[in-house]
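The data block below is start.cif; it holds mmCIF, C-alpha atoms and all ligand atoms.
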data_target
#
loop_
_atom_site.label_atom_id
_atom_site.label_comp_id
_atom_site.auth_asym_id
_atom_site.auth_seq_id
_atom_site.Cartn_x
_atom_site.Cartn_y
_atom_site.Cartn_z
CA MET A 827 44.67 39.58 -21.61
CA LEU A 828 45.37 36.47 -23.64
CA LYS A 829 43.17 33.50 -22.72
CA LEU A 830 45.78 30.77 -22.56
CA GLU A 831 43.25 27.93 -22.48
CA ASN A 832 41.80 29.09 -25.83
CA PHE A 833 45.29 29.11 -27.31
CA ASP A 834 46.29 25.77 -25.82
CA ILE A 835 43.32 23.90 -27.22
CA LYS A 836 44.17 24.95 -30.79
CA LEU A 837 47.92 24.35 -30.55
CA ASN A 838 48.82 21.29 -32.52
CA THR A 839 52.63 21.30 -32.50
CA ASP A 840 55.32 18.96 -31.26
CA PHE A 841 57.72 21.59 -29.99
CA ILE A 842 56.89 25.17 -30.96
CA GLY A 843 54.95 26.87 -28.19
CA ARG A 844 55.04 23.87 -25.85
CA ASN A 845 57.12 25.97 -23.49
CA PHE A 846 55.19 29.24 -23.30
CA ILE A 847 56.16 32.33 -21.29
CA TYR A 848 53.72 35.19 -20.91
CA PHE A 849 54.50 38.76 -19.84
CA GLU A 850 52.14 41.67 -19.40
CA GLU A 851 55.04 44.02 -20.05
CA ILE A 852 58.64 43.52 -21.06
CA ASP A 853 61.30 45.52 -22.90
CA SER A 854 61.33 43.23 -25.94
CA THR A 855 60.50 39.54 -26.30
CA ASN A 856 63.48 39.18 -28.67
CA THR A 857 65.86 40.76 -26.17
CA TYR A 858 64.56 38.43 -23.44
CA LEU A 859 65.20 35.26 -25.43
CA LEU A 860 68.57 36.43 -26.74
CA ASP A 861 69.80 36.94 -23.18
CA LYS A 862 71.36 33.65 -22.09
CA SER A 863 71.25 34.71 -18.45
CA ASN A 864 67.48 34.17 -18.48
CA ASP A 865 68.27 30.43 -18.67
CA ILE A 866 65.76 29.56 -21.38
CA ASP A 867 67.27 26.79 -23.46
CA ILE A 868 64.34 24.87 -24.85
CA SER A 869 63.92 25.01 -28.61
CA GLY A 870 60.47 26.18 -29.59
CA THR A 871 60.00 28.31 -26.45
CA VAL A 872 57.57 31.15 -27.17
CA VAL A 873 57.69 34.40 -25.23
CA LEU A 874 54.70 36.67 -25.69
CA ALA A 875 54.14 40.11 -24.20
CA GLU A 876 51.01 42.22 -24.11
CA PHE A 877 53.22 45.29 -24.24
CA GLN A 878 56.83 45.88 -25.17
CA ASN A 879 58.35 49.13 -23.95
CA LYS A 880 61.42 48.70 -26.19
CA GLY A 881 60.03 46.68 -29.09
CA ARG A 882 62.56 46.46 -31.88
CA GLY A 883 62.24 46.27 -35.64
CA ARG A 884 64.66 45.66 -38.47
CA LEU A 885 67.45 48.13 -39.22
CA ASP A 886 67.46 49.52 -35.66
CA ARG A 887 63.89 50.77 -35.87
CA THR A 888 61.41 50.59 -33.02
CA TRP A 889 58.30 48.41 -33.13
CA THR A 890 55.30 49.92 -31.43
CA SER A 891 52.09 48.08 -30.67
CA ASP A 892 49.16 49.05 -28.41
CA THR A 893 48.77 47.03 -25.20
CA GLY A 894 46.75 43.82 -25.49
CA GLN A 895 45.56 44.46 -29.04
CA ASN A 896 48.07 42.63 -31.16
CA LEU A 897 50.48 39.70 -31.11
CA THR A 898 54.10 40.45 -30.21
CA PHE A 899 56.07 37.30 -29.55
CA SER A 900 59.37 35.53 -30.15
CA ILE A 901 60.36 31.94 -30.74
CA LEU A 902 63.68 30.44 -29.66
CA PHE A 903 65.72 27.88 -31.60
CA VAL A 904 68.84 26.28 -30.13
CA LYS A 905 71.27 23.57 -31.23
CA ASN A 906 69.94 23.19 -34.72
CA GLN A 907 72.87 23.81 -37.03
CA SER A 908 71.05 22.59 -40.14
CA LEU A 909 68.32 25.17 -39.52
CA PHE A 910 70.93 27.85 -38.78
CA GLN A 911 72.84 27.27 -42.04
CA ASN A 912 70.70 29.74 -43.93
CA LEU A 913 68.44 31.99 -41.91
CA ASN A 914 66.68 33.28 -45.02
CA PHE A 915 64.79 30.00 -45.09
CA LEU A 916 63.67 30.41 -41.49
CA ASN A 917 62.62 33.94 -42.34
CA PHE A 918 60.57 32.75 -45.31
CA ALA A 919 59.04 29.91 -43.29
CA ALA A 920 57.91 32.40 -40.62
CA ALA A 921 56.48 34.82 -43.20
CA LEU A 922 54.62 32.01 -44.97
CA ALA A 923 53.25 30.74 -41.65
CA VAL A 924 51.80 34.14 -40.78
CA ALA A 925 50.50 34.83 -44.29
CA SER A 926 48.80 31.46 -44.71
CA SER A 927 47.24 31.71 -41.24
CA ILE A 928 45.70 35.09 -42.07
CA ASP A 929 44.55 33.86 -45.50
CA ASN A 930 42.96 30.70 -44.11
CA LEU A 931 41.35 32.05 -40.96
CA TYR A 932 39.94 35.28 -42.38
CA GLN A 933 39.93 34.82 -46.16
CA LEU A 934 42.06 37.93 -46.54
CA LYS A 935 44.62 38.16 -49.33
CA THR A 936 48.09 38.64 -47.92
CA GLU A 937 51.14 39.53 -49.94
CA LEU A 938 54.80 39.12 -49.02
CA LYS A 939 57.38 41.87 -49.30
CA TRP A 940 61.06 40.97 -49.30
CA PRO A 941 62.66 40.18 -46.98
CA ASN A 942 59.93 39.47 -44.47
CA ASP A 943 56.94 41.80 -44.29
CA ILE A 944 53.34 40.67 -44.62
CA LEU A 945 51.02 43.11 -46.33
CA ILE A 946 47.27 43.32 -46.74
CA SER A 947 45.97 45.86 -49.27
CA LYS A 948 49.60 46.98 -49.75
CA LYS A 949 49.88 47.96 -46.08
CA LYS A 950 52.03 46.29 -43.45
CA THR A 951 50.29 43.99 -41.00
CA CYS A 952 53.25 41.97 -39.78
CA GLY A 953 57.00 42.32 -39.41
CA ILE A 954 59.59 39.69 -38.54
CA LEU A 955 62.96 40.20 -36.87
CA ILE A 956 65.42 37.32 -36.76
CA GLU A 957 68.40 37.71 -34.44
CA THR A 958 71.21 35.42 -33.36
CA VAL A 959 73.69 34.83 -30.57
CA THR A 960 77.04 33.56 -31.81
CA SER A 961 80.06 32.23 -30.01
CA LYS A 962 83.41 31.80 -31.76
CA GLY A 963 81.71 32.31 -35.10
CA ILE A 964 79.11 29.60 -34.46
CA ILE A 965 75.42 30.42 -34.11
CA GLU A 966 74.25 29.25 -30.68
CA ARG A 967 70.70 30.53 -30.62
CA VAL A 968 68.28 32.08 -33.06
CA VAL A 969 65.28 34.17 -32.06
CA VAL A 970 62.44 34.75 -34.50
CA GLY A 971 60.43 37.79 -33.39
CA ILE A 972 57.01 38.33 -34.90
CA GLY A 973 54.79 41.37 -34.56
CA ILE A 974 51.30 41.07 -36.02
CA ASN A 975 48.89 43.99 -36.03
CA VAL A 976 45.72 42.16 -35.08
CA ASN A 977 43.05 44.29 -33.44
CA GLN A 978 44.62 47.74 -33.32
CA ASN A 979 42.29 50.26 -34.93
CA HIS A 980 44.45 53.39 -35.14
CA PHE A 981 48.11 53.91 -35.83
CA LYS A 982 49.60 57.15 -34.58
CA GLY A 983 53.14 58.33 -35.20
CA GLU A 984 55.52 57.71 -38.03
CA TYR A 985 55.94 54.45 -39.85
CA ASN A 986 58.42 53.63 -42.59
CA TYR A 987 55.63 51.76 -44.36
CA PRO A 988 51.86 52.41 -44.03
CA PRO A 989 50.48 50.09 -41.34
CA THR A 990 47.19 48.24 -41.12
CA SER A 991 45.69 45.50 -38.95
CA ILE A 992 43.58 42.43 -39.54
CA ARG A 993 40.69 44.13 -37.80
CA ILE A 994 40.86 47.17 -40.07
CA GLU A 995 40.95 44.98 -43.19
CA LEU A 996 38.30 42.54 -42.02
CA GLY A 997 35.99 45.06 -40.39
CA LYS A 998 35.70 43.10 -37.15
CA GLU A 999 37.74 42.04 -34.15
CA VAL A 1000 39.47 38.67 -34.29
CA GLU A 1001 40.46 36.13 -31.63
CA ARG A 1002 44.19 36.50 -31.00
CA GLU A 1003 44.50 33.09 -29.31
CA ARG A 1004 43.30 31.24 -32.37
CA LEU A 1005 45.54 33.21 -34.70
CA LEU A 1006 48.58 32.63 -32.49
CA ALA A 1007 47.99 28.86 -32.41
CA GLU A 1008 47.48 28.76 -36.17
CA VAL A 1009 50.72 30.70 -36.81
CA LEU A 1010 52.72 28.36 -34.57
CA ASN A 1011 51.11 25.26 -36.11
CA ASN A 1012 51.93 26.51 -39.60
CA PHE A 1013 55.43 27.59 -38.62
CA GLU A 1014 56.26 24.08 -37.40
CA HIS A 1015 54.78 22.67 -40.61
CA TYR A 1016 57.01 24.90 -42.75
CA ILE A 1017 60.08 24.14 -40.63
CA ASN A 1018 59.49 20.42 -41.17
CA LYS A 1019 59.12 21.10 -44.88
CA LEU A 1020 62.50 22.84 -44.86
CA LYS A 1021 64.15 19.54 -43.96
CA SER A 1022 62.87 17.85 -47.09
CA ASP A 1023 62.24 20.56 -49.67
CA LYS A 1024 63.92 23.93 -49.35
CA ASN A 1025 63.06 24.85 -52.94
CA GLN A 1026 59.38 24.51 -52.18
CA ILE A 1027 59.68 27.17 -49.48
CA ILE A 1028 61.30 29.55 -51.97
CA ASN A 1029 58.62 28.77 -54.56
CA ASP A 1030 55.77 29.20 -52.05
CA TRP A 1031 57.28 32.50 -50.95
CA LYS A 1032 57.65 33.73 -54.54
CA MET A 1033 54.04 32.82 -55.30
CA LYS A 1034 52.92 35.21 -52.59
CA CYS A 1035 55.25 38.04 -53.57
CA LYS A 1036 53.57 40.26 -56.13
CA MET A 1037 56.54 42.58 -56.58
CA ILE A 1038 58.71 40.35 -58.76
CA GLY A 1039 59.11 42.04 -62.16
CA GLU A 1040 58.38 45.49 -60.70
CA LYS A 1041 60.61 48.56 -60.70
CA ILE A 1042 61.98 48.85 -57.18
CA SER A 1043 64.61 50.55 -55.12
CA ILE A 1044 66.58 49.04 -52.28
CA ARG A 1045 67.56 51.37 -49.50
CA GLN A 1046 70.70 50.31 -47.71
CA LYS A 1047 72.70 52.14 -45.04
CA ASP A 1048 74.54 54.57 -47.27
CA GLU A 1049 72.97 54.16 -50.66
CA ILE A 1050 69.86 53.49 -52.69
CA LYS A 1051 69.95 51.01 -55.54
CA PHE A 1052 67.45 51.11 -58.39
CA GLY A 1053 66.41 48.34 -60.75
CA ILE A 1054 63.90 45.63 -61.55
CA PHE A 1055 63.06 42.95 -58.98
CA ASP A 1056 64.28 40.09 -61.15
CA ASP A 1057 63.94 37.07 -58.87
CA ILE A 1058 64.78 35.41 -55.56
CA ASP A 1059 67.80 33.12 -55.79
CA GLU A 1060 68.03 29.59 -54.38
CA ASN A 1061 69.33 30.99 -51.09
CA GLY A 1062 66.58 33.54 -50.60
CA PHE A 1063 68.51 36.62 -51.72
CA LEU A 1064 66.94 39.24 -53.95
CA LEU A 1065 68.25 39.56 -57.49
CA LEU A 1066 68.13 43.13 -58.72
CA LYS A 1067 68.44 43.80 -62.45
CA THR A 1068 70.38 47.03 -62.84
CA LYS A 1069 71.92 48.81 -65.83
CA THR A 1070 75.15 46.96 -65.21
CA GLY A 1071 73.72 43.48 -64.69
CA ILE A 1072 72.16 41.32 -61.99
CA GLU A 1073 73.12 42.21 -58.45
CA LYS A 1074 72.53 39.99 -55.43
CA ILE A 1075 70.95 41.92 -52.54
CA THR A 1076 71.39 40.42 -49.09
CA ALA A 1077 69.81 43.16 -46.97
CA GLY A 1078 67.96 46.44 -47.19
CA ASP A 1079 64.55 48.02 -47.46
CA LEU A 1080 62.53 47.46 -50.59
CA ILE A 1081 60.42 50.25 -52.05
CA VAL A 1082 58.22 49.78 -55.09
CA GLN A 1083 58.67 52.72 -57.49
C1 LIG A 1101 60.18 44.80 -38.67
O1 LIG A 1101 59.29 44.75 -39.51
O2 LIG A 1101 60.98 45.74 -38.62
C2 LIG A 1101 60.28 43.67 -37.69
C3 LIG A 1101 59.40 43.88 -36.50
C4 LIG A 1101 59.48 42.76 -35.48
C5 LIG A 1101 58.67 43.06 -34.24
C6 LIG A 1101 58.62 41.90 -33.29
S1 LIG A 1101 57.43 42.12 -32.02
C7 LIG A 1101 58.05 40.74 -31.15
C8 LIG A 1101 59.55 40.78 -31.28
N1 LIG A 1101 60.15 41.59 -30.23
C9 LIG A 1101 60.72 42.68 -30.72
O3 LIG A 1101 61.29 43.56 -30.04
N2 LIG A 1101 60.59 42.72 -32.04
C10 LIG A 1101 59.91 41.56 -32.56
#

Would you mind writing the file out in structure tokens?
Ligand code: BTN
Amino acid sequence: MLKLENFDIKLNTDFIGRNFIYFEEIDSTNTYLLDKSNDIDISGTVVLAEFQNKGRGRLDRTWTSDTGQNLTFSILFVKNQSLFQNLNFLNFAAALAVASSIDNLYQLKTELKWPNDILISKKKTCGILIETVTSKGIIERVVVGIGINVNQNHFKGEYNYPPTSIRIELGKEVERERLLAEVLNNFEHYINKLKSDKNQIINDWKMKCKMIGEKISIRQKDEIKFGIFDDIDENGFLLLKTKTGIEKITAGDLIVQ
């Protein structure tokens, strides 16, 4: 069980995590915050669950995480049209927040994988799922769901990418409360940075992505595209160099060849 007082004392934000909702079990923290009938309308609200029985990942996958071992939580943003203009930036800000927290607290070397995975030793330790509620074509709410493999020691079942946890990489258990506070502190820092310097977020993200220049494939719904990971454009999309030229990729699964 999360010790809320240990988390609270380390939280240094103005709005993210100031409204905090804790569940022992829920279907999915993303689903909960997306549902307007739950009457949560405060930007920065964090919902964390010790266990999700219908945890969701990108591209309709499931996200599984052992009870009480990891961090599975979501953050709500409402009425912030400038932030909602390009969700790639929010995605990058969240990924950078998690990566820098892991680097700083445990001196581990994280790497970012487009669009939003955090790897340690080429294995996945965190995934991010951003979802929206729109009305008449306007985004009303955005939910940033983050799943970090923290203290889980074994991963059973099938994964689309080999998983790992901070504990496995570090060789010892870590305090989830401290990590959670650090991620939220850093996330707010990066969101503030977005207001003044969007390019910096892209540059910071690129610095931590070691796959640029590599031969990759992008798996999309019905097809696989092959090429060289040329760059990330100014809006956060992947530029794939193919035989026919540079193609902008807006979604998909990246695989290094
Ligand atoms: C992915 O890599 O596919 C994204 C995984 C996102 C998982 C998190 S866990 C908290 C939040 N609630 C969910 O149901 N999913 C996200």

I want to know what sits within 9 Å of Ile1081 (chain A), based on only C-alpha atoms, with residues of the same chain fewer than 6 positions away left out; could you give that as a ChimeraX atom specification?
/A:1041-1045

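Counting all atoms listed in the file, Glu966 (chain A) has the following residues at most 7 Å away, ignoring those fewer than 2 positions along the same chain: A:Val904, A:Lys905, A:Val959, A:Thr960, A:Ser961, A:Ile964.
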
Keeping only C-alpha atoms, write the selected residues as an mmCIF file, in the coordinates of the input.
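Okay, result_4.cif is ready:
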data_model
loop_
_atom_site.group_PDB
_atom_site.id
_atom_site.type_symbol
_atom_site.label_atom_id
_atom_site.label_comp_id
_atom_site.auth_asym_id
_atom_site.auth_seq_id
_atom_site.Cartn_x
_atom_site.Cartn_y
_atom_site.Cartn_z
ATOM 1 C CA VAL A 904 68.840 26.280 -30.130
ATOM 2 C CA LYS A 905 71.270 23.570 -31.230
ATOM 3 C CA VAL A 959 73.690 34.830 -30.570
ATOM 4 C CA THR A 960 77.040 33.560 -31.810
ATOM 5 C CA SER A 961 80.060 32.230 -30.010
ATOM 6 C CA ILE A 964 79.110 29.600 -34.460
#

Find the spatial neighbours of region 882-896 of chain A, counting all atoms listed in the file, within a cut-off of 9 Å - ignore same-chain residues fewer than 3 positions away - and output them as a PyMOL selection string.
chain A and resi 827-828+850-851+854+856-857+875-879+953-956+971+973-979+981+991+1002+1047+1078-1079

Would you mind exporting the chosen residues as a PDB file, in the frame of the given file, restricted to C-alpha atoms?
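In the end it all went to selection_28.pdb:
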ATOM      1  CA  MET A 827      44.670  39.580 -21.610  1.00  0.00           C
ATOM      2  CA  LEU A 828      45.370  36.470 -23.640  1.00  0.00           C
ATOM      3  CA  GLU A 850      52.140  41.670 -19.400  1.00  0.00           C
ATOM      4  CA  GLU A 851      55.040  44.020 -20.050  1.00  0.00           C
ATOM      5  CA  SER A 854      61.330  43.230 -25.940  1.00  0.00           C
ATOM      6  CA  ASN A 856      63.480  39.180 -28.670  1.00  0.00           C
ATOM      7  CA  THR A 857      65.860  40.760 -26.170  1.00  0.00           C
ATOM      8  CA  ALA A 875      54.140  40.110 -24.200  1.00  0.00           C
ATOM      9  CA  GLU A 876      51.010  42.220 -24.110  1.00  0.00           C
ATOM     10  CA  PHE A 877      53.220  45.290 -24.240  1.00  0.00           C
ATOM     11  CA  GLN A 878      56.830  45.880 -25.170  1.00  0.00           C
ATOM     12  CA  ASN A 879      58.350  49.130 -23.950  1.00  0.00           C
ATOM     13  CA  GLY A 953      57.000  42.320 -39.410  1.00  0.00           C
ATOM     14  CA  ILE A 954      59.590  39.690 -38.540  1.00  0.00           C
ATOM     15  CA  LEU A 955      62.960  40.200 -36.870  1.00  0.00           C
ATOM     16  CA  ILE A 956      65.420  37.320 -36.760  1.00  0.00           C
ATOM     17  CA  GLY A 971      60.430  37.790 -33.390  1.00  0.00           C
ATOM     18  CA  GLY A 973      54.790  41.370 -34.560  1.00  0.00           C
ATOM     19  CA  ILE A 974      51.300  41.070 -36.020  1.00  0.00           C
ATOM     20  CA  ASN A 975      48.890  43.990 -36.030  1.00  0.00           C
ATOM     21  CA  VAL A 976      45.720  42.160 -35.080  1.00  0.00           C
ATOM     22  CA  ASN A 977      43.050  44.290 -33.440  1.00  0.00           C
ATOM     23  CA  GLN A 978      44.620  47.740 -33.320  1.00  0.00           C
ATOM     24  CA  ASN A 979      42.290  50.260 -34.930  1.00  0.00           C
ATOM     25  CA  PHE A 981      48.110  53.910 -35.830  1.00  0.00           C
ATOM     26  CA  SER A 991      45.690  45.500 -38.950  1.00  0.00           C
ATOM     27  CA  ARG A1002      44.190  36.500 -31.000  1.00  0.00           C
ATOM     28  CA  LYS A1047      72.700  52.140 -45.040  1.00  0.00           C
ATOM     29  CA  GLY A1078      67.960  46.440 -47.190  1.00  0.00           C
ATOM     30  CA  ASP A1079      64.550  48.020 -47.460  1.00  0.00           C
TER      31      ASP A1079
END

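The shortest atom-to-atom distance to Ile972 (chain A), with all atoms listed in the file taken into account, belongs to A:Thr898 out of A:Thr898, A:Thr1070, A:Asn906, A:Asn1029.
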
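The interatomic distance for the pair CA of Pro989 (chain A) and CA of Leu1005 (chain A) works out to 18.8 Å.
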
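Take CA of Ile1038 (chain A) and CA of Glu984 (chain A): the distance between them is 27.2 Å.
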
Contacts of Glu1014 (chain A) at 8 Å or less, counting all atoms listed in the file, minus same-chain residues fewer than 5 places along, as a PDB file with C-alpha atoms, keeping the file's coordinate frame?
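Resulting contents of around_7.pdb:
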ATOM      1  CA  THR A 839      52.630  21.300 -32.500  1.00  0.00           C
ATOM      2  CA  PHE A 841      57.720  21.590 -29.990  1.00  0.00           C
ATOM      3  CA  ILE A 842      56.890  25.170 -30.960  1.00  0.00           C
TER       4      ILE A 842
END

Could you check the closest approach to ligand LIG 1101 (chain A) for each of A:Lys950, A:Lys998, A:Lys982, A:Lys1069 and tell me which residue wins, using only C-alpha atoms and all ligand atoms?
A:Lys950

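Among A:Glu1003, A:Gly1039, A:Leu1010, A:Asn912, the residue with the shortest atom-to-atom distance to Thr1076 (chain A), counting all atoms listed in the file, is A:Asn912.
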
For region 917-933 of chain A, supply N, CA, C and O atoms and report the output as a PDB file, in the frame of the given file.
ATOM      1  N   ASN A 917      63.343  32.698 -42.106  1.00  0.00           N
ATOM      2  CA  ASN A 917      62.620  33.940 -42.340  1.00  0.00           C
ATOM      3  C   ASN A 917      61.405  33.710 -43.249  1.00  0.00           C
ATOM      4  O   ASN A 917      60.280  34.137 -42.954  1.00  0.00           O
ATOM      5  N   PHE A 918      61.649  33.019 -44.345  1.00  0.00           N
ATOM      6  CA  PHE A 918      60.570  32.750 -45.310  1.00  0.00           C
ATOM      7  C   PHE A 918      59.525  31.831 -44.685  1.00  0.00           C
ATOM      8  O   PHE A 918      58.324  32.007 -44.899  1.00  0.00           O
ATOM      9  N   ALA A 919      59.989  30.847 -43.922  1.00  0.00           N
ATOM     10  CA  ALA A 919      59.040  29.910 -43.290  1.00  0.00           C
ATOM     11  C   ALA A 919      58.134  30.679 -42.323  1.00  0.00           C
ATOM     12  O   ALA A 919      56.914  30.442 -42.276  1.00  0.00           O
ATOM     13  N   ALA A 920      58.716  31.613 -41.567  1.00  0.00           N
ATOM     14  CA  ALA A 920      57.910  32.400 -40.620  1.00  0.00           C
ATOM     15  C   ALA A 920      56.911  33.281 -41.369  1.00  0.00           C
ATOM     16  O   ALA A 920      55.728  33.358 -41.002  1.00  0.00           O
ATOM     17  N   ALA A 921      57.371  33.928 -42.430  1.00  0.00           N
ATOM     18  CA  ALA A 921      56.480  34.820 -43.200  1.00  0.00           C
ATOM     19  C   ALA A 921      55.342  34.006 -43.831  1.00  0.00           C
ATOM     20  O   ALA A 921      54.176  34.437 -43.802  1.00  0.00           O
ATOM     21  N   LEU A 922      55.676  32.840 -44.358  1.00  0.00           N
ATOM     22  CA  LEU A 922      54.620  32.010 -44.970  1.00  0.00           C
ATOM     23  C   LEU A 922      53.626  31.524 -43.923  1.00  0.00           C
ATOM     24  O   LEU A 922      52.420  31.426 -44.185  1.00  0.00           O
ATOM     25  N   ALA A 923      54.143  31.218 -42.728  1.00  0.00           N
ATOM     26  CA  ALA A 923      53.250  30.740 -41.650  1.00  0.00           C
ATOM     27  C   ALA A 923      52.236  31.819 -41.285  1.00  0.00           C
ATOM     28  O   ALA A 923      51.040  31.542 -41.145  1.00  0.00           O
ATOM     29  N   VAL A 924      52.720  33.051 -41.146  1.00  0.00           N
ATOM     30  CA  VAL A 924      51.800  34.140 -40.780  1.00  0.00           C
ATOM     31  C   VAL A 924      50.825  34.397 -41.922  1.00  0.00           C
ATOM     32  O   VAL A 924      49.603  34.494 -41.713  1.00  0.00           O
ATOM     33  N   ALA A 925      51.360  34.484 -43.142  1.00  0.00           N
ATOM     34  CA  ALA A 925      50.500  34.830 -44.290  1.00  0.00           C
ATOM     35  C   ALA A 925      49.424  33.759 -44.490  1.00  0.00           C
ATOM     36  O   ALA A 925      48.243  34.085 -44.658  1.00  0.00           O
ATOM     37  N   SER A 926      49.812  32.491 -44.456  1.00  0.00           N
ATOM     38  CA  SER A 926      48.800  31.460 -44.710  1.00  0.00           C
ATOM     39  C   SER A 926      47.782  31.394 -43.576  1.00  0.00           C
ATOM     40  O   SER A 926      46.606  31.102 -43.804  1.00  0.00           O
ATOM     41  N   SER A 927      48.202  31.700 -42.356  1.00  0.00           N
ATOM     42  CA  SER A 927      47.240  31.710 -41.240  1.00  0.00           C
ATOM     43  C   SER A 927      46.192  32.797 -41.453  1.00  0.00           C
ATOM     44  O   SER A 927      44.996  32.572 -41.251  1.00  0.00           O
ATOM     45  N   ILE A 928      46.640  33.973 -41.855  1.00  0.00           N
ATOM     46  CA  ILE A 928      45.700  35.090 -42.070  1.00  0.00           C
ATOM     47  C   ILE A 928      44.778  34.777 -43.248  1.00  0.00           C
ATOM     48  O   ILE A 928      43.561  34.984 -43.182  1.00  0.00           O
ATOM     49  N   ASP A 929      45.359  34.219 -44.323  1.00  0.00           N
ATOM     50  CA  ASP A 929      44.550  33.860 -45.500  1.00  0.00           C
ATOM     51  C   ASP A 929      43.454  32.853 -45.101  1.00  0.00           C
ATOM     52  O   ASP A 929      42.284  33.017 -45.437  1.00  0.00           O
ATOM     53  N   ASN A 930      43.890  31.807 -44.387  1.00  0.00           N
ATOM     54  CA  ASN A 930      42.960  30.700 -44.110  1.00  0.00           C
ATOM     55  C   ASN A 930      41.900  31.050 -43.069  1.00  0.00           C
ATOM     56  O   ASN A 930      40.740  30.677 -43.214  1.00  0.00           O
ATOM     57  N   LEU A 931      42.317  31.774 -42.036  1.00  0.00           N
ATOM     58  CA  LEU A 931      41.350  32.050 -40.960  1.00  0.00           C
ATOM     59  C   LEU A 931      40.352  33.148 -41.352  1.00  0.00           C
ATOM     60  O   LEU A 931      39.198  33.103 -40.949  1.00  0.00           O
ATOM     61  N   TYR A 932      40.816  34.124 -42.141  1.00  0.00           N
ATOM     62  CA  TYR A 932      39.940  35.280 -42.380  1.00  0.00           C
ATOM     63  C   TYR A 932      39.644  35.548 -43.848  1.00  0.00           C
ATOM     64  O   TYR A 932      39.020  36.559 -44.171  1.00  0.00           O
ATOM     65  N   GLN A 933      40.127  34.651 -44.712  1.00  0.00           N
ATOM     66  CA  GLN A 933      39.930  34.820 -46.160  1.00  0.00           C
ATOM     67  C   GLN A 933      40.383  36.210 -46.636  1.00  0.00           C
ATOM     68  O   GLN A 933      39.750  36.831 -47.491  1.00  0.00           O
TER      69      GLN A 933
END
